[in-house]
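Visitor: Just one file: model_3.pdb, with PDB, C-alpha atoms.
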ATOM      1  CA  MET A  21       0.000   0.000   0.000
ATOM      2  CA  LYS A  22       1.359   3.392  -0.965
ATOM      3  CA  LYS A  23       1.937   5.852   1.808
ATOM      4  CA  ILE A  24      -0.184   8.979   1.395
ATOM      5  CA  LEU A  25       1.789  12.127   2.075
ATOM      6  CA  LYS A  26      -0.057  15.131   3.404
ATOM      7  CA  LYS A  27       0.636  18.212   1.330
ATOM      8  CA  GLN A  28       2.211  20.969   3.424
ATOM      9  CA  ASP A  29       0.304  24.226   3.648
ATOM     10  CA  VAL A  30       2.285  26.819   1.683
ATOM     11  CA  ARG A  31       1.685  29.274   4.520
ATOM     12  CA  GLU A  32       3.765  27.117   6.863
ATOM     13  CA  ILE A  33       6.740  26.580   4.517
ATOM     14  CA  PRO A  34       9.986  28.335   5.579
ATOM     15  CA  ALA A  35      10.457  30.823   2.749
ATOM     16  CA  TYR A  36      11.975  34.061   4.075
ATOM     17  CA  THR A  37      15.391  34.882   5.505
ATOM     18  CA  ILE A  38      15.459  37.149   8.530
ATOM     19  CA  ALA A  39      17.053  39.932   6.471
ATOM     20  CA  GLU A  40      14.410  39.627   3.757
ATOM     21  CA  ALA A  41      11.499  39.580   6.216
ATOM     22  CA  ALA A  42      12.940  42.531   8.136
ATOM     23  CA  GLY A  43      13.007  44.530   4.904
ATOM     24  CA  TYR A  44       9.377  43.724   4.113
ATOM     25  CA  LEU A  45       8.239  44.583   7.647
ATOM     26  CA  ARG A  46      10.538  47.637   7.908
ATOM     27  CA  LEU A  47      12.192  46.328  11.059
ATOM     28  CA  PRO A  48      15.838  46.277  12.124
ATOM     29  CA  LYS A  49      17.306  42.842  11.400
ATOM     30  CA  SER A  50      18.582  42.597  14.957
ATOM     31  CA  THR A  51      15.068  43.150  16.320
ATOM     32  CA  LEU A  52      13.464  40.482  14.156
ATOM     33  CA  ARG A  53      16.333  38.092  14.897
ATOM     34  CA  ALA A  54      15.746  38.539  18.632
ATOM     35  CA  TRP A  55      12.020  37.878  18.267
ATOM     36  CA  MET A  56      12.632  34.724  16.261
ATOM     37  CA  LEU A  57      15.803  33.267  17.757
ATOM     38  CA  GLY A  58      16.159  34.970  21.116
ATOM     39  CA  GLN A  59      19.352  36.439  22.512
ATOM     40  CA  LYS A  60      21.619  35.755  25.422
ATOM     41  CA  GLY A  61      19.517  36.111  28.526
ATOM     42  CA  PHE A  62      16.069  35.717  26.992
ATOM     43  CA  GLN A  63      14.073  33.406  24.757
ATOM     44  CA  SER A  64      12.390  34.099  21.433
ATOM     45  CA  VAL A  65       8.829  35.447  21.260
ATOM     46  CA  ILE A  66       7.782  33.755  17.990
ATOM     47  CA  GLY A  67       8.484  30.133  17.097
ATOM     48  CA  ILE A  68      10.400  30.367  13.818
ATOM     49  CA  ALA A  69       9.431  27.770  11.195
ATOM     50  CA  ASP A  70      12.995  26.681  10.430
ATOM     51  CA  LYS A  71      15.350  27.433  13.306
ATOM     52  CA  PRO A  72      18.491  25.712  11.916
ATOM     53  CA  GLY A  73      18.054  27.471   8.563
ATOM     54  CA  ARG A  74      16.835  30.709  10.187
ATOM     55  CA  ARG A  75      13.887  30.974   7.836
ATOM     56  CA  LEU A  76      10.410  32.313   8.498
ATOM     57  CA  SER A  77       7.092  31.068   7.160
ATOM     58  CA  PHE A  78       4.257  33.309   5.977
ATOM     59  CA  ILE A  79       2.498  32.679   9.315
ATOM     60  CA  ASN A  80       5.662  33.912  11.054
ATOM     61  CA  LEU A  81       5.416  37.079   8.943
ATOM     62  CA  VAL A  82       1.843  37.619  10.147
ATOM     63  CA  GLU A  83       2.928  37.194  13.775
ATOM     64  CA  ALA A  84       5.845  39.592  13.362
ATOM     65  CA  PHE A  85       3.622  42.086  11.492
ATOM     66  CA  VAL A  86       1.192  42.217  14.429
ATOM     67  CA  LEU A  87       3.967  42.272  17.021
ATOM     68  CA  SER A  88       5.803  45.105  15.270
ATOM     69  CA  GLY A  89       2.762  47.345  15.716
ATOM     70  CA  ILE A  90       2.651  46.626  19.430
ATOM     71  CA  ARG A  91       6.368  47.222  19.942
ATOM     72  CA  ARG A  92       6.738  50.164  17.562
ATOM     73  CA  GLU A  93       3.855  52.193  18.958
ATOM     74  CA  HIS A  94       4.343  51.449  22.655
ATOM     75  CA  SER A  95       7.972  50.384  23.147
ATOM     76  CA  ILE A  96       6.794  47.656  25.511
ATOM     77  CA  PRO A  97       9.749  45.694  26.943
ATOM     78  CA  LEU A  98      10.264  42.404  25.152
ATOM     79  CA  PRO A  99      10.119  40.194  28.289
ATOM     80  CA  LYS A 100       6.623  41.534  29.000
ATOM     81  CA  VAL A 101       5.568  40.935  25.403
ATOM     82  CA  ARG A 102       6.763  37.353  25.777
ATOM     83  CA  LEU A 103       4.778  36.871  28.988
ATOM     84  CA  ALA A 104       1.599  38.158  27.352
ATOM     85  CA  VAL A 105       2.095  35.956  24.262
ATOM     86  CA  ALA A 106       2.720  32.932  26.528
ATOM     87  CA  TYR A 107      -0.532  33.764  28.319
ATOM     88  CA  LEU A 108      -2.387  33.693  24.996
ATOM     89  CA  ARG A 109      -0.740  30.371  24.066
ATOM     90  CA  ARG A 110      -2.027  28.817  27.277
ATOM     91  CA  THR A 111      -5.473  30.375  26.904
ATOM     92  CA  PHE A 112      -6.007  29.373  23.263
ATOM     93  CA  LYS A 113      -3.861  26.219  23.396
ATOM     94  CA  THR A 114      -2.074  27.284  20.233
ATOM     95  CA  LYS A 115       1.512  27.879  19.142
ATOM     96  CA  ARG A 116       0.556  30.858  16.952
ATOM     97  CA  PRO A 117      -1.728  33.127  19.017
ATOM     98  CA  LEU A 118      -0.897  36.361  17.170
ATOM     99  CA  ALA A 119      -1.963  34.787  13.862
ATOM    100  CA  GLU A 120      -5.101  33.010  15.115
ATOM    101  CA  GLU A 121      -8.583  34.179  14.207
ATOM    102  CA  GLN A 122      -9.461  33.963  17.909
ATOM    103  CA  PHE A 123      -6.894  36.653  18.574
ATOM    104  CA  ALA A 124      -8.675  38.944  16.127
ATOM    105  CA  THR A 125     -11.904  38.539  18.119
ATOM    106  CA  ASP A 126     -11.805  37.985  21.877
ATOM    107  CA  GLY A 127      -8.025  37.522  22.037
ATOM    108  CA  VAL A 128      -7.194  41.210  21.740
ATOM    109  CA  GLU A 129      -9.144  41.978  24.912
ATOM    110  CA  LEU A 130      -7.279  39.241  26.787
ATOM    111  CA  PHE A 131      -3.957  40.519  25.457
ATOM    112  CA  VAL A 132      -4.637  44.095  26.578
ATOM    113  CA  GLU A 133      -5.944  42.853  29.915
ATOM    114  CA  LYS A 134      -2.727  40.919  30.484
ATOM    115  CA  PHE A 135      -0.652  43.976  29.657
ATOM    116  CA  GLU A 136      -2.636  45.977  32.205
ATOM    117  CA  GLN A 137      -1.426  43.511  34.826
ATOM    118  CA  LEU A 138       2.155  43.584  33.531
ATOM    119  CA  ILE A 139       2.708  47.304  33.042
ATOM    120  CA  GLY A 140      -0.143  49.000  34.909
ATOM    121  CA  ALA A 141      -1.433  50.666  31.748
ATOM    122  CA  THR A 142      -3.802  53.610  32.059
ATOM    123  CA  GLN A 143      -7.177  53.389  30.376
ATOM    124  CA  HIS A 144      -5.894  55.728  27.657
ATOM    125  CA  GLY A 145      -2.917  53.453  27.110
ATOM    126  CA  GLN A 146      -5.171  50.412  26.888
ATOM    127  CA  LEU A 147      -7.321  52.071  24.249
ATOM    128  CA  GLN A 148      -4.245  53.014  22.223
ATOM    129  CA  LEU A 149      -2.873  49.490  22.361
ATOM    130  CA  ARG A 150      -6.232  48.018  21.362
ATOM    131  CA  GLU A 151      -6.488  50.406  18.402
ATOM    132  CA  VAL A 152      -2.952  49.620  17.229
ATOM    133  CA  ILE A 153      -3.615  45.873  17.289
ATOM    134  CA  HIS A 154      -6.942  46.221  15.475
ATOM    135  CA  ASP A 155      -5.282  48.446  12.868
ATOM    136  CA  ARG A 156      -2.692  45.740  12.219
ATOM    137  CA  LEU A 157      -5.251  42.960  12.109
ATOM    138  CA  LYS A 158      -7.406  44.725   9.514
ATOM    139  CA  HIS A 159      -4.460  44.377   7.132
ATOM    140  CA  VAL A 160      -4.369  40.597   7.595
ATOM    141  CA  ARG A 161      -6.833  39.007   5.181
ATOM    142  CA  ARG A 162      -8.134  35.543   6.000
ATOM    143  CA  ASP A 163      -9.696  32.646   4.132
ATOM    144  CA  PRO A 164     -13.182  31.286   5.055
ATOM    145  CA  LYS A 165     -11.570  29.079   7.723
ATOM    146  CA  GLY A 166     -10.022  32.126   9.395
ATOM    147  CA  ILE A 167      -6.439  31.299   8.403
ATOM    148  CA  PRO A 168      -4.345  34.273   7.186
ATOM    149  CA  GLU A 169      -3.932  34.209   3.404
ATOM    150  CA  LYS A 170      -2.320  37.577   2.679
ATOM    151  CA  ILE A 171      -0.883  40.645   4.410
ATOM    152  CA  VAL A 172      -1.565  44.130   3.083
ATOM    153  CA  LEU A 173       2.029  45.212   3.442
ATOM    154  CA  PHE A 174       1.719  48.664   1.907
ATOM    155  CA  PRO A 175      -1.839  49.994   1.492
ATOM    156  CA  ALA A 176      -2.629  52.208  -1.457
ATOM    157  CA  ARG A 177      -3.000  55.861  -0.603
ATOM    158  CA  GLY A 178      -6.505  56.560   0.598
ATOM    159  CA  ASN A 179      -6.964  52.942   1.738
ATOM    160  CA  THR A 180     -10.605  52.901   0.638
ATOM    161  CA  PRO A 181     -12.539  50.251  -1.330
ATOM    162  CA  GLU A 182     -11.954  52.432  -4.396
ATOM    163  CA  SER A 183      -8.182  52.495  -3.859
ATOM    164  CA  VAL A 184      -6.054  50.485  -6.251
ATOM    165  CA  GLY A 185      -2.579  49.147  -5.878
ATOM    166  CA  ASP A 186      -2.362  47.630  -2.401
ATOM    167  CA  VAL A 187       0.963  45.809  -2.075
ATOM    168  CA  VAL A 188       0.419  42.424  -0.468
ATOM    169  CA  ILE A 189       2.331  39.301   0.458
ATOM    170  CA  ASP A 190       0.400  36.240  -0.636
ATOM    171  CA  PRO A 191       2.303  32.940  -0.209
ATOM    172  CA  ARG A 192       0.467  31.515  -3.237
ATOM    173  CA  LEU A 193       1.855  34.167  -5.602
ATOM    174  CA  SER A 194       5.446  34.847  -6.739
ATOM    175  CA  PHE A 195       6.871  32.600  -4.024
ATOM    176  CA  GLY A 196       5.429  34.898  -1.366
ATOM    177  CA  ARG A 197       7.209  38.040  -2.545
ATOM    178  CA  PRO A 198       5.389  41.419  -2.542
ATOM    179  CA  VAL A 199       2.933  41.851  -5.420
ATOM    180  CA  LEU A 200       0.238  44.300  -6.470
ATOM    181  CA  ASP A 201      -3.032  42.909  -5.173
ATOM    182  CA  GLY A 202      -5.375  41.767  -7.915
ATOM    183  CA  TYR A 203      -2.625  41.875 -10.548
ATOM    184  CA  GLY A 204       0.018  39.493  -9.194
ATOM    185  CA  LEU A 205       2.748  41.834 -10.422
ATOM    186  CA  ARG A 206       6.032  41.693  -8.485
ATOM    187  CA  THR A 207       6.821  45.100  -7.023
ATOM    188  CA  ALA A 208      10.572  44.421  -7.263
ATOM    189  CA  ILE A 209      10.295  44.089 -11.054
ATOM    190  CA  VAL A 210       8.362  47.354 -11.332
ATOM    191  CA  ALA A 211      10.864  49.225  -9.153
ATOM    192  CA  GLU A 212      13.829  47.791 -11.044
ATOM    193  CA  ARG A 213      12.468  48.984 -14.387
ATOM    194  CA  PHE A 214      11.645  52.410 -12.946
ATOM    195  CA  GLU A 215      15.158  52.805 -11.488
ATOM    196  CA  ALA A 216      16.535  51.866 -14.913
ATOM    197  CA  GLY A 217      14.836  54.948 -16.357
ATOM    198  CA  GLU A 218      11.404  53.806 -17.568
ATOM    199  CA  GLN A 219       8.473  56.110 -16.896
ATOM    200  CA  ILE A 220       5.482  55.288 -14.689
ATOM    201  CA  GLU A 221       3.040  55.804 -17.567
ATOM    202  CA  GLU A 222       5.008  53.376 -19.756
ATOM    203  CA  LEU A 223       5.047  50.724 -17.036
ATOM    204  CA  ALA A 224       1.325  51.165 -16.439
ATOM    205  CA  LYS A 225       0.630  50.539 -20.138
ATOM    206  CA  ASP A 226       2.993  47.553 -20.310
ATOM    207  CA  TYR A 227       1.330  45.785 -17.396
ATOM    208  CA  ASP A 228      -2.179  47.171 -17.991
ATOM    209  CA  VAL A 229      -2.486  48.480 -14.430
ATOM    210  CA  PRO A 230      -3.349  51.966 -13.136
ATOM    211  CA  SER A 231      -0.494  54.458 -12.732
ATOM    212  CA  GLU A 232      -1.382  54.784  -9.036
ATOM    213  CA  ALA A 233      -0.637  51.087  -8.560
ATOM    214  CA  ILE A 234       2.777  51.441 -10.215
ATOM    215  CA  GLU A 235       3.562  54.403  -7.965
ATOM    216  CA  ASN A 236       2.608  52.430  -4.861
ATOM    217  CA  ALA A 237       4.792  49.492  -5.917
ATOM    218  CA  ILE A 238       7.767  51.835  -6.256
ATOM    219  CA  ARG A 239       7.062  53.504  -2.889
ATOM    220  CA  CYS A 240       6.867  50.090  -1.217
ATOM    221  CA  GLU A 241      10.205  48.914  -2.610
ATOM    222  CA  ARG A 242      11.921  52.170  -1.630
ATOM    223  CA  ARG A 243      10.604  51.895   1.926
ATOM    224  CA  ALA A 244      11.733  48.268   2.155
ATOM    225  CA  ALA A 245      15.188  49.208   0.906
TER     226      ALA A 245
END
Mind turning the file's structure into structure tokens?
Guide:
Amino acid sequence: MKKILKKQDVREIPAYTIAEAAGYLRLPKSTLRAWMLGQKGFQSVIGIADKPGRRLSFINLVEAFVLSGIRREHSIPLPKVRLAVAYLRRTFKTKRPLAEEQFATDGVELFVEKFEQLIGATQHGQLQLREVIHDRLKHVRRDPKGIPEKIVLFPARGNTPESVGDVVIDPRLSFGRPVLDGYGLRTAIVAERFEAGEQIEELAKDYDVPSEAIENAIRCERRAA
């Protein structure tokens, strides 16, 4: 009898180096490395998909994307972040609490509540933290089962339903590299052609996409660089 192999979810495949992921998330490499691998004196916050190879999965990117909002806006000490994440792991019985759909619903309240115990946050501080987390989570798009399927890495200007040119990371497209949402066009290719001297209008015609989308792709790549 042939052994049936279960196909691995592309979202769990180690696909990003720490340097590459740090560029996409606009984080210092040393910060992301500490979150994923830990440092002398403290453990990691996020369980990296491939520790020996130091490679992140798409789910790791989602976790780091959410965590970066918490750390960047509030400068909360990393040991306290770790304690709160561990609390969520125990509560939800999951290894990936920051990426879970539960976190996007009742989990945020538990997270903020735990931080109130850890850092004695004022009510104003709690509201700010809650808003930051919700802002991050609205840029994580999920499939019908609630599993993250893409991150809106660089929203189009205006960020309305009429906006065009969101830059997303979708692990099913271009090996999980940033693309223009709805077009599947690699932003790195657009930026490379623009830096070589081609005009935005020419690129828009070549790829049959709006000029605003081309501009957003270029802005995204420049920010990542």
Visitor: If the PyMOL selection byres ((chain A and resi 46) around 12) is run on the structure shown, which residues does it catch, given as JSON, numbers by chain?
Guide: {"A": [38, 39, 40, 41, 42, 43, 44, 45, 47, 48, 49, 50, 51, 52, 81, 84, 85, 88, 89, 92, 173, 174, 240, 241, 242, 243, 244, 245]}
Visitor: For this file, the PyMOL selection byres ((chain A and resi 194-211) around 8) selects which residues, as number ranges by chain?
Guide: A: 35, 78, 173, 185-193, 212-215, 223, 229, 233-234, 237-238, 240-241
Visitor: Between A:Glu222, A:Val82, A:Phe112, A:Asp228, which is the closest to Arg161 in chain A once you count only C-alpha atoms?
Guide: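 Closest to Arg161 in chain A of all the choices is A:Val82.
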Visitor: Given the file above and the PyMOL selection byres ((chain A and resi 126-128) around 10), which residues are selected, and can you give them as a ChimeraX atom specification?
Guide: /A:108,111-112,117-118,120-125,129-134,149-151,153-154,157
Visitor: Could you state the separation of CA of Arg239 in chain A and CA of Ser77 in chain A in Å, given to one decimal place?
Guide: 24.6 Å
Visitor: Here is a test: counting all atoms listed in the file, which residue of A:Ala106, A:Met56, A:Leu87, A:Tyr227 is nearest to Arg156 in chain A?
Guide: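 Under the stated criterion, the closest residue is A:Leu87.
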Visitor: Enter the distance from CA of Val172 in chain A to CA of His159 in chain A, in Å, rounded to one decimal.
Guide: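 Atom-to-atom, CA of Val172 in chain A and CA of His159 in chain A are spaced 5.0 Å apart.
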Visitor: For a test of reading the model, state the distance in Å between CA of Ile220 in chain A and CA of Arg177 in chain A, rounded to one decimal.
Guide: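 The value is 16.5 Å.
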